[in-house]
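Following: one structure in structure tokens, then a few remarks.
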Amino acid sequence: TLESIQSPGDDYESSITVVHVWNSTHNIFAMMKEAWNQTIAIYYNQQGSLAAAFIMCMSPIVFSLTAYRVVMFIFALFFLFAACYFVNSFLVKRFKMDKHYSFFIFCLFVFTAIYFNMNSEELLYWFNGSSYYFLTFSVFLIFVSLLNELCLENSKTDIIRTILLCLMAIFIALNNLAMSIMCLVTLFFALIYSLRSKEKASKEIVIVLAVFSGFLLVNLLAPGYRVKISTLDTEMGTEQIGAVSTMIQSFELSLKELVKIYLKLSPLPIVMLLSTPILIVALRISNFKGYKPVLIAAATLLIYIAQYPPIVMVYGQRFLPRITNIRFLTAQIWFILNYINVAASIINTKIYDRFGFNEKNKARLLYGVLVVFAFLNIGLIAK
């Protein structure tokens, strides 16, 4: 519970002057002005994530511990909404999956996120860490869901979706760089997909990408990053590495953590494997044929890896729970989409249909193939 957890020092550090202003004036506008002044100071002395910094300066601890608890509960509720929206957007709207199976996947994902994350304290009980990563990840879930719907539905509501996407693009671009770069790569792949498919939403995506890139540039050009890196070099004795070395280490670390930590410690892959017969029935009902599984797997893997370079360049390969939490959650959502897409692609291949089996035997065949694949993967993890 929150009573047993001491609020970390930077919760107080980022909002201490705001507390003084609130206690002396009880004026919300004066408090917000001081929070903005602190945000600008952070921009020039620490980092360029203006949106995240402003939220951290407006910490609910300014008001009371009760307000702190309420806000953390709201963050959790917002994550539930974002996860539900994500599952509905991809599984129900794009894959045309049965709502009962989609609800099962939603529950499985939320259960995994809450009970198997890398560090519950930094995910659910620490305002600065949660607002900087967990809240941003929740916004990212809604962002990619709206991108998906933008490609699916060509209607007047595209204007509304485009505006919402632009607002969320600004928020994510002015946030932690791990999520910002991952979102940028997601936008590039969405644009490529839109240009190559019949789902025409390329103009809207270009607009969102332009807005995102402009505000990301504001983030990247912050003088505070140079100050922060030099301070870390002095205090922690870290050595900065070049761009090539950063990319190599990012690929190695991301794949190592994906296989040996994020999929190994998660119940989601094994539960989805065991529930494959249910998935097959849901796919038959939905008539979803799958879409280029190798390309989708490669794209989502690159999106997952994209969050590593900003952290590796500054902190190296240190284990930071607040960051590994988001890497863990990202691995789960891409696994869900890829597993369903691969299963749909397999059961709709000509080779699969040529066996002449009835549906029950075909299900057994696919299940057997996936079980063999799972044991091979477990053997790889064990090594």
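By order of appearance in the structure tokens: chains A, B, ..., then residues from 1 within every chain, and ligands from 1 in the order shown.
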If we count only C-alpha atoms, what is near Leu184 of chain A at a cut-off of 10 Å, once residues fewer than 3 positions away on the same chain are taken out, given as a CSV table (one decimal) with C-alpha atoms, in the first residue's frame?
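selection19.csv, freshly written:
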```csv
chain,number,residue,atom,x,y,z
A,169,ALA,CA,1.7,13.5,-30.5
A,172,ILE,CA,4.4,12.1,-26.3
A,173,ALA,CA,7.0,14.1,-28.3
A,179,MET,CA,8.6,6.6,-25.7
A,180,SER,CA,9.1,9.5,-28.1
A,181,ILE,CA,11.5,7.6,-30.4
A,187,LEU,CA,4.4,6.7,-37.2
A,188,PHE,CA,6.9,5.9,-39.9
A,189,PHE,CA,5.6,2.3,-40.2
A,190,ALA,CA,2.0,3.4,-40.1
A,209,LEU,CA,4.1,13.0,-38.2
A,212,PHE,CA,5.2,15.1,-33.8
A,213,SER,CA,8.6,15.8,-35.4
A,216,LEU,CA,10.3,16.2,-30.8
A,303,ILE,CA,9.4,-0.5,-32.8
A,306,ALA,CA,13.5,1.8,-30.8
```
Long-range neighbours of segment 131-139 of chain A as JSON, numbers by chain, 6 Å cut-off, only C-alpha atoms, 2 positions minimum in chain: {"A": [52, 79, 82, 127, 128, 129, 141, 142]}
Would you write out those residues with all heavy atoms, as a short mmCIF file (atom, residue, chain, number, x, y, z; two decimals), in the first residue's frame?
```cif
data_model
loop_
_atom_site.label_atom_id
_atom_site.label_comp_id
_atom_site.auth_asym_id
_atom_site.auth_seq_id
_atom_site.Cartn_x
_atom_site.Cartn_y
_atom_site.Cartn_z
N ALA A 52 6.07 16.24 -19.63
CA ALA A 52 6.27 15.39 -18.45
C ALA A 52 6.74 16.21 -17.26
O ALA A 52 6.30 16.00 -16.12
CB ALA A 52 7.28 14.29 -18.76
N PHE A 79 -5.06 3.55 -17.46
CA PHE A 79 -4.40 2.43 -18.12
C PHE A 79 -5.41 1.36 -18.52
O PHE A 79 -5.33 0.79 -19.61
CB PHE A 79 -3.32 1.83 -17.21
CG PHE A 79 -2.79 0.52 -17.71
CD1 PHE A 79 -1.97 0.46 -18.82
CD2 PHE A 79 -3.12 -0.68 -17.07
CE1 PHE A 79 -1.49 -0.75 -19.30
CE2 PHE A 79 -2.64 -1.89 -17.53
CZ PHE A 79 -1.83 -1.92 -18.65
N ALA A 82 -7.17 2.58 -21.55
CA ALA A 82 -6.29 2.54 -22.72
C ALA A 82 -6.11 1.11 -23.22
O ALA A 82 -6.14 0.86 -24.43
CB ALA A 82 -4.93 3.15 -22.38
N PHE A 127 4.54 8.78 -8.12
CA PHE A 127 3.93 9.73 -9.06
C PHE A 127 4.86 10.11 -10.20
O PHE A 127 4.49 10.02 -11.37
CB PHE A 127 3.46 11.00 -8.33
CG PHE A 127 2.88 12.02 -9.26
CD1 PHE A 127 1.58 11.87 -9.75
CD2 PHE A 127 3.63 13.11 -9.69
CE1 PHE A 127 1.04 12.80 -10.63
CE2 PHE A 127 3.09 14.05 -10.57
CZ PHE A 127 1.80 13.89 -11.04
N ASN A 128 6.08 10.58 -9.89
CA ASN A 128 6.98 11.02 -10.95
C ASN A 128 7.31 9.91 -11.94
O ASN A 128 7.24 10.09 -13.15
CB ASN A 128 8.27 11.58 -10.35
CG ASN A 128 8.14 13.05 -9.98
OD1 ASN A 128 7.03 13.58 -9.92
ND2 ASN A 128 9.25 13.70 -9.71
N GLY A 129 7.65 8.73 -11.41
CA GLY A 129 7.98 7.62 -12.30
C GLY A 129 6.79 7.15 -13.10
O GLY A 129 6.89 6.85 -14.28
N LEU A 141 -0.85 3.72 -26.09
CA LEU A 141 -1.81 2.68 -26.47
C LEU A 141 -3.00 3.29 -27.22
O LEU A 141 -3.46 2.75 -28.24
CB LEU A 141 -2.31 1.95 -25.22
CG LEU A 141 -1.36 0.95 -24.56
CD1 LEU A 141 -2.03 0.34 -23.32
CD2 LEU A 141 -0.92 -0.14 -25.51
N ILE A 142 -3.51 4.41 -26.71
CA ILE A 142 -4.63 5.07 -27.39
C ILE A 142 -4.17 5.66 -28.72
O ILE A 142 -4.90 5.62 -29.72
CB ILE A 142 -5.22 6.17 -26.48
CG1 ILE A 142 -5.73 5.56 -25.18
CG2 ILE A 142 -6.33 6.93 -27.19
CD1 ILE A 142 -6.23 6.56 -24.17
#
```
Taking the backbone alone, and naming residues the way the document does, which bits of segment 18-226 of chain A are helix (DSSP H, G or I) by DSSP, as a ChimeraX atom specification? /A:18-25,28-45,50-57,60-62,65-94,99-115,120-125,127-152,157-173,177-196,202-220,224-226
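Minimum atom-to-atom distances from A:Leu273, A:Ile340, A:Leu217, A:Leu263 to Ala297 of chain A were compared using only C-alpha atoms, and the lowest value belongs to A:Ile340.
Residues lying within 12 Å of His100 of chain A, counting only C-alpha atoms and ignoring same-chain neighbours fewer than 2 positions away, are A:Val87, A:Asn88, A:Leu91, A:Val92, A:Lys96, A:Met97, A:Asp98, A:Ser102, A:Phe103, A:Phe104, A:Ile105, A:Phe106, A:Cys107, A:Ile278, A:Leu279, A:Val281, A:Ala282.
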May I have the selected residues written with C-alpha atoms, as a PDB file, in the first residue's frame?
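What follows is the written file result-v5.pdb:
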```pdb
ATOM      1  CA  VAL A  87      -7.827  -4.434 -27.600  1.00  0.00           C
ATOM      2  CA  ASN A  88     -11.132  -3.209 -29.033  1.00  0.00           C
ATOM      3  CA  LEU A  91      -8.900  -7.341 -32.051  1.00  0.00           C
ATOM      4  CA  VAL A  92     -12.523  -6.295 -32.541  1.00  0.00           C
ATOM      5  CA  LYS A  96     -13.087  -8.836 -36.351  1.00  0.00           C
ATOM      6  CA  MET A  97     -12.579 -11.093 -33.350  1.00  0.00           C
ATOM      7  CA  ASP A  98     -15.356 -12.242 -31.064  1.00  0.00           C
ATOM      8  CA  SER A 102     -11.153 -10.003 -26.993  1.00  0.00           C
ATOM      9  CA  PHE A 103     -12.290  -9.493 -23.401  1.00  0.00           C
ATOM     10  CA  PHE A 104     -10.284 -12.567 -22.387  1.00  0.00           C
ATOM     11  CA  ILE A 105      -7.142 -11.057 -23.972  1.00  0.00           C
ATOM     12  CA  PHE A 106      -7.836  -7.707 -22.292  1.00  0.00           C
ATOM     13  CA  CYS A 107      -8.079  -9.394 -18.878  1.00  0.00           C
ATOM     14  CA  ILE A 278     -10.268 -21.050 -28.631  1.00  0.00           C
ATOM     15  CA  LEU A 279      -8.305 -18.639 -30.821  1.00  0.00           C
ATOM     16  CA  VAL A 281     -12.559 -20.887 -33.371  1.00  0.00           C
ATOM     17  CA  ALA A 282     -12.551 -17.099 -32.944  1.00  0.00           C
TER      18      ALA A 282
END
```
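Shortest atom-to-atom contact with Ile333 of chain A among A:Ile205, A:Met32, A:Val144, A:Ala210: A:Val144, counting only C-alpha atoms.
Checking A:Thr276, A:Ala35, A:Phe143, A:Phe54 one by one against Cys183 of chain A, counting only C-alpha atoms, you find the shortest gap at A:Phe143.
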If you count only C-alpha atoms, which residues fall within 12 Å of Lys289 of chain A, apart from same-chain ones fewer than 5 positions away, as a CSV table (one decimal) with all heavy atoms, in the first residue's frame?
```csv
chain,number,residue,atom,x,y,z
A,94,ARG,N,-10.2,-4.4,-36.2
A,94,ARG,CA,-9.4,-4.8,-37.3
A,94,ARG,C,-9.4,-6.3,-37.6
A,94,ARG,O,-9.6,-6.8,-38.7
A,94,ARG,CB,-7.9,-4.4,-37.1
A,94,ARG,CG,-7.0,-4.9,-38.2
A,94,ARG,CD,-5.6,-4.2,-38.2
A,94,ARG,NE,-5.7,-2.8,-38.6
A,94,ARG,CZ,-5.7,-2.4,-39.9
A,94,ARG,NH1,-5.7,-3.3,-40.9
A,94,ARG,NH2,-5.8,-1.1,-40.2
A,95,PHE,N,-9.3,-7.1,-36.5
A,95,PHE,CA,-9.3,-8.6,-36.7
A,95,PHE,C,-10.7,-9.2,-36.7
A,95,PHE,O,-10.8,-10.3,-37.0
A,95,PHE,CB,-8.5,-9.2,-35.6
A,95,PHE,CG,-7.0,-8.9,-35.5
A,95,PHE,CD1,-6.3,-9.1,-34.4
A,95,PHE,CD2,-6.4,-8.3,-36.6
A,95,PHE,CE1,-4.9,-8.8,-34.3
A,95,PHE,CE2,-5.0,-7.9,-36.5
A,95,PHE,CZ,-4.3,-8.2,-35.4
A,96,LYS,N,-11.7,-8.4,-36.4
A,96,LYS,CA,-13.1,-8.8,-36.4
A,96,LYS,C,-13.3,-10.0,-35.4
A,96,LYS,O,-14.0,-10.9,-35.7
A,96,LYS,CB,-13.6,-9.2,-37.8
A,96,LYS,CG,-13.4,-8.2,-38.8
A,96,LYS,CD,-14.2,-6.9,-38.5
A,96,LYS,CE,-14.0,-5.9,-39.6
A,96,LYS,NZ,-14.8,-4.6,-39.3
A,97,MET,N,-12.5,-10.0,-34.3
A,97,MET,CA,-12.6,-11.1,-33.3
A,97,MET,C,-13.8,-11.0,-32.5
A,97,MET,O,-14.4,-9.9,-32.3
A,97,MET,CB,-11.3,-11.1,-32.4
A,97,MET,CG,-10.0,-11.1,-33.2
A,97,MET,SD,-9.7,-12.7,-33.9
A,97,MET,CE,-9.3,-13.7,-32.4
A,280,ILE,N,-8.5,-20.4,-32.5
A,280,ILE,CA,-8.8,-20.9,-33.9
A,280,ILE,C,-10.3,-20.7,-34.2
A,280,ILE,O,-10.7,-20.3,-35.3
A,280,ILE,CB,-8.4,-22.3,-34.0
A,280,ILE,CG1,-6.8,-22.5,-33.9
A,280,ILE,CG2,-8.9,-22.9,-35.3
A,280,ILE,CD1,-6.3,-23.9,-33.8
A,282,ALA,N,-12.3,-18.5,-32.8
A,282,ALA,CA,-12.6,-17.1,-32.9
A,282,ALA,C,-12.1,-16.6,-34.3
A,282,ALA,O,-12.8,-15.7,-34.9
A,282,ALA,CB,-11.8,-16.3,-31.8
A,283,LEU,N,-11.0,-17.1,-34.8
A,283,LEU,CA,-10.5,-16.7,-36.1
A,283,LEU,C,-11.4,-17.2,-37.3
A,283,LEU,O,-11.6,-16.5,-38.3
A,283,LEU,CB,-9.0,-17.2,-36.3
A,283,LEU,CG,-8.0,-16.5,-35.5
A,283,LEU,CD1,-6.6,-17.2,-35.7
A,283,LEU,CD2,-7.8,-15.0,-36.0
A,284,ARG,N,-11.9,-18.4,-37.1
A,284,ARG,CA,-12.8,-18.9,-38.1
A,284,ARG,C,-14.1,-18.1,-38.2
A,284,ARG,O,-14.6,-17.8,-39.3
A,284,ARG,CB,-13.2,-20.4,-37.8
A,284,ARG,CG,-12.0,-21.4,-38.1
A,284,ARG,CD,-11.6,-21.3,-39.5
A,284,ARG,NE,-10.7,-22.4,-39.9
A,284,ARG,CZ,-10.0,-22.5,-41.0
A,284,ARG,NH1,-10.1,-21.5,-41.9
A,284,ARG,NH2,-9.2,-23.5,-41.2
A,340,ILE,N,-1.7,-13.6,-32.8
A,340,ILE,CA,-3.0,-13.8,-33.5
A,340,ILE,C,-2.8,-13.7,-35.0
A,340,ILE,O,-3.4,-14.5,-35.7
A,340,ILE,CB,-3.9,-12.7,-33.0
A,340,ILE,CG1,-4.3,-12.9,-31.5
A,340,ILE,CG2,-5.2,-12.7,-33.8
A,340,ILE,CD1,-5.1,-11.8,-30.9
A,341,ASN,N,-1.9,-12.8,-35.4
A,341,ASN,CA,-1.7,-12.6,-36.8
A,341,ASN,C,-1.0,-13.8,-37.4
A,341,ASN,O,-1.3,-14.3,-38.5
A,341,ASN,CB,-0.8,-11.4,-37.1
A,341,ASN,CG,-0.7,-11.0,-38.5
A,341,ASN,OD1,-1.7,-11.0,-39.3
A,341,ASN,ND2,0.6,-10.7,-39.0
A,342,VAL,N,0.0,-14.4,-36.7
A,342,VAL,CA,0.7,-15.6,-37.2
A,342,VAL,C,-0.3,-16.8,-37.2
A,342,VAL,O,-0.4,-17.6,-38.2
A,342,VAL,CB,1.9,-16.0,-36.3
A,342,VAL,CG1,2.4,-17.4,-36.6
A,342,VAL,CG2,3.0,-14.9,-36.5
A,343,ALA,N,-1.1,-17.0,-36.2
A,343,ALA,CA,-2.1,-18.1,-36.2
A,343,ALA,C,-3.1,-17.9,-37.3
A,343,ALA,O,-3.4,-18.9,-38.0
A,343,ALA,CB,-2.8,-18.1,-34.8
A,344,ALA,N,-3.6,-16.7,-37.6
A,344,ALA,CA,-4.5,-16.5,-38.7
A,344,ALA,C,-3.9,-16.8,-40.0
A,344,ALA,O,-4.5,-17.3,-40.9
A,344,ALA,CB,-5.0,-15.0,-38.6
A,345,SER,N,-2.6,-16.4,-40.2
A,345,SER,CA,-1.9,-16.7,-41.4
A,345,SER,C,-1.7,-18.2,-41.7
A,345,SER,O,-1.9,-18.6,-42.8
A,345,SER,CB,-0.6,-16.0,-41.4
A,345,SER,OG,-0.7,-14.6,-41.2
A,346,ILE,N,-1.4,-18.9,-40.6
A,346,ILE,CA,-1.2,-20.4,-40.7
A,346,ILE,C,-2.5,-21.1,-41.1
A,346,ILE,O,-2.5,-21.9,-42.0
A,346,ILE,CB,-0.7,-20.9,-39.4
A,346,ILE,CG1,0.8,-20.4,-39.1
A,346,ILE,CG2,-0.7,-22.5,-39.4
A,346,ILE,CD1,1.3,-20.9,-37.8
A,347,ILE,N,-3.6,-20.8,-40.5
A,347,ILE,CA,-4.8,-21.5,-40.7
A,347,ILE,C,-5.5,-21.1,-42.1
A,347,ILE,O,-6.4,-21.8,-42.5
A,347,ILE,CB,-5.8,-21.4,-39.6
A,347,ILE,CG1,-6.4,-19.9,-39.5
A,347,ILE,CG2,-5.3,-21.8,-38.3
A,347,ILE,CD1,-7.5,-19.7,-38.5
A,348,ASN,N,-4.9,-20.1,-42.7
A,348,ASN,CA,-5.5,-19.7,-44.0
A,348,ASN,C,-4.5,-20.0,-45.1
A,348,ASN,O,-4.7,-19.5,-46.3
A,348,ASN,CB,-5.8,-18.2,-44.0
A,348,ASN,CG,-7.1,-17.9,-43.2
A,348,ASN,OD1,-8.2,-18.2,-43.7
A,348,ASN,ND2,-7.0,-17.4,-42.0
A,349,THR,N,-3.4,-20.8,-44.9
A,349,THR,CA,-2.5,-21.1,-45.9
A,349,THR,C,-3.0,-22.3,-46.7
A,349,THR,O,-3.8,-23.1,-46.2
A,349,THR,CB,-1.1,-21.5,-45.4
A,349,THR,OG1,-1.3,-22.6,-44.4
A,349,THR,CG2,-0.5,-20.3,-44.7
A,350,LYS,N,-2.6,-22.4,-48.0
A,350,LYS,CA,-3.1,-23.5,-48.8
A,350,LYS,C,-2.5,-24.9,-48.3
A,350,LYS,O,-3.2,-25.9,-48.4
A,350,LYS,CB,-2.6,-23.3,-50.3
A,350,LYS,CG,-3.2,-22.1,-51.0
A,350,LYS,CD,-2.7,-22.0,-52.4
A,350,LYS,CE,-3.4,-20.8,-53.1
A,350,LYS,NZ,-2.9,-20.6,-54.5
```
